[in-house]
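Read the structure below first, then the notes.
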Amino acid sequence: MLRIEIIANHSVEENILEALKKEGAGKYYTKYPGVLGVGTAGPRMGDAVWPEENFALIIWCEEEEARAIQRAVARVKEKFPGEGIKVFGL
């Protein structure tokens with residue numbers, strides 16, 4: 001089993017969920033709706049200075065599904081290259 005973490009701006013949340021659905025992957029997940037931090041796309045702190053927030057999806061899956069998740073997220077990253085969409089696998 002692999003743990004896949006997707007962390008991205010709220011602005012692309014629906015795009016990511018739709019892309020996962022099209023791949024038939026990531027049907028079961030845990031969602032953290034308000035994720036704060038600093039990454040390569042800049043701060044996301046949910047305050048007056050840095051108002052944006054991210055969300056995170058945690059998905060436990062087999063390797064084949066992990067590859068499908070990666071493909072789905074890659075398609076969204078192509079459409080929104082400046083949104084700081086990240087995928088991590090453990």
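How things are named: the first chain in the structure tokens is A, the next is B, and so on; residues count from 1 in each chain; ligands count from 1 in the order shown.
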Task: Backbone-only DSSP, strand (DSSP E or B) members of chain A, as number ranges by chain - done: A: 2-9, 30-35, 37-39, 42-44, 54-61, 86-89
Task: Contacts of A:Phe55 at 7 Å (only C-alpha atoms; same-chain gap of 3+ positions) as a PyMOL selection string - done: chain A and resi 7-10+32-35
Export of prior selection with N, CA and C atoms as a PDB file, in the first residue's frame:
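again08.pdb written:
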ATOM      1  N   ILE A   7      -1.578  18.076  -2.291  1.00  0.00           N
ATOM      2  CA  ILE A   7      -1.746  19.369  -1.632  1.00  0.00           C
ATOM      3  C   ILE A   7      -1.827  20.415  -2.731  1.00  0.00           C
ATOM      4  N   ALA A   8      -2.893  21.222  -2.691  1.00  0.00           N
ATOM      5  CA  ALA A   8      -3.115  22.195  -3.763  1.00  0.00           C
ATOM      6  C   ALA A   8      -3.996  23.336  -3.273  1.00  0.00           C
ATOM      7  N   ASN A   9      -4.016  24.394  -4.050  1.00  0.00           N
ATOM      8  CA  ASN A   9      -4.847  25.552  -3.776  1.00  0.00           C
ATOM      9  C   ASN A   9      -6.320  25.172  -3.911  1.00  0.00           C
ATOM     10  N   HIS A  10      -7.172  25.761  -3.071  1.00  0.00           N
ATOM     11  CA  HIS A  10      -8.613  25.495  -3.152  1.00  0.00           C
ATOM     12  C   HIS A  10      -9.178  25.788  -4.544  1.00  0.00           C
ATOM     13  N   TYR A  32      -8.382  17.234   4.102  1.00  0.00           N
ATOM     14  CA  TYR A  32      -8.128  18.298   5.067  1.00  0.00           C
ATOM     15  C   TYR A  32      -8.456  19.599   4.340  1.00  0.00           C
ATOM     16  N   PRO A  33      -9.552  20.261   4.689  1.00  0.00           N
ATOM     17  CA  PRO A  33     -10.014  21.400   3.901  1.00  0.00           C
ATOM     18  C   PRO A  33      -9.201  22.678   4.040  1.00  0.00           C
ATOM     19  N   GLY A  34      -8.582  22.935   5.161  1.00  0.00           N
ATOM     20  CA  GLY A  34      -7.837  24.179   5.350  1.00  0.00           C
ATOM     21  C   GLY A  34      -6.400  23.909   5.721  1.00  0.00           C
ATOM     22  N   VAL A  35      -5.524  23.882   4.730  1.00  0.00           N
ATOM     23  CA  VAL A  35      -4.121  23.570   4.969  1.00  0.00           C
ATOM     24  C   VAL A  35      -3.307  24.842   4.750  1.00  0.00           C
TER      25      VAL A  35
END
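Omitting stretch 37-49 of chain A and its sequence neighbours fewer than 4 positions away, and counting only C-alpha atoms, the residues within 8 Å are Glu53, Asn54, Gly82, Glu83 and Gly84 of chain A.
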Selected residues, all heavy atoms, written as a PDB file, in the first residue's frame, please.
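Saved file out.pdb follows:
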ATOM      1  N   GLU A  53      -5.664  29.634   0.889  1.00  0.00           N
ATOM      2  CA  GLU A  53      -5.462  28.398   1.643  1.00  0.00           C
ATOM      3  C   GLU A  53      -5.380  27.231   0.669  1.00  0.00           C
ATOM      4  O   GLU A  53      -5.910  27.296  -0.442  1.00  0.00           O
ATOM      5  CB  GLU A  53      -6.621  28.132   2.607  1.00  0.00           C
ATOM      6  CG  GLU A  53      -6.675  29.059   3.777  1.00  0.00           C
ATOM      7  CD  GLU A  53      -7.760  28.651   4.763  1.00  0.00           C
ATOM      8  OE1 GLU A  53      -8.458  27.636   4.534  1.00  0.00           O
ATOM      9  OE2 GLU A  53      -7.914  29.363   5.761  1.00  0.00           O
ATOM     10  N   ASN A  54      -4.744  26.176   1.104  1.00  0.00           N
ATOM     11  CA  ASN A  54      -4.687  24.934   0.351  1.00  0.00           C
ATOM     12  C   ASN A  54      -5.653  23.928   0.955  1.00  0.00           C
ATOM     13  O   ASN A  54      -6.245  24.166   2.008  1.00  0.00           O
ATOM     14  CB  ASN A  54      -3.273  24.343   0.396  1.00  0.00           C
ATOM     15  CG  ASN A  54      -2.286  25.124  -0.440  1.00  0.00           C
ATOM     16  OD1 ASN A  54      -2.653  25.806  -1.385  1.00  0.00           O
ATOM     17  ND2 ASN A  54      -1.023  25.035  -0.092  1.00  0.00           N
ATOM     18  N   GLY A  82       0.656  27.606 -12.278  1.00  0.00           N
ATOM     19  CA  GLY A  82       1.064  28.497 -11.206  1.00  0.00           C
ATOM     20  C   GLY A  82       0.390  28.248  -9.871  1.00  0.00           C
ATOM     21  O   GLY A  82       0.593  29.013  -8.927  1.00  0.00           O
ATOM     22  N   GLU A  83      -0.396  27.185  -9.747  1.00  0.00           N
ATOM     23  CA  GLU A  83      -1.183  26.972  -8.528  1.00  0.00           C
ATOM     24  C   GLU A  83      -0.485  26.168  -7.434  1.00  0.00           C
ATOM     25  O   GLU A  83      -1.062  25.955  -6.392  1.00  0.00           O
ATOM     26  CB  GLU A  83      -2.522  26.330  -8.873  1.00  0.00           C
ATOM     27  CG  GLU A  83      -3.456  27.233  -9.614  1.00  0.00           C
ATOM     28  CD  GLU A  83      -3.796  28.519  -8.865  1.00  0.00           C
ATOM     29  OE1 GLU A  83      -3.870  28.506  -7.628  1.00  0.00           O
ATOM     30  OE2 GLU A  83      -3.984  29.534  -9.532  1.00  0.00           O
ATOM     31  N   GLY A  84       0.695  25.699  -7.658  1.00  0.00           N
ATOM     32  CA  GLY A  84       1.404  24.991  -6.590  1.00  0.00           C
ATOM     33  C   GLY A  84       0.791  23.658  -6.228  1.00  0.00           C
ATOM     34  O   GLY A  84       0.633  23.333  -5.062  1.00  0.00           O
TER      35      GLY A  84
END
Open item on the list: Applying 10 Å and only C-alpha atoms, which residues near stretch 75-79 of chain A remain after dropping the ones on its own chain fewer than 2 positions away? List them as a ChimeraX atom specification.
Closed with: /A:8,12-13,15-20,70-73,81-86
Task: Filtered DSSP result for chain A, state alpha helix (DSSP H), as an NGL selection string - done: :A and (13-23 or 63-79)
Task: Of the listed residues A:Leu36, A:Ile4, A:Leu90, A:Ala56, that which approaches A:Ile69 most closely, counting only C-alpha atoms - done: A:Ile4
Open item on the list: With only C-alpha atoms as the counted atoms, please give the residues lying no more than 9 Å from A:Gly89, apart from itself and same-chain residues fewer than 4 positions off, as a count of residues only.
Closed with: 6
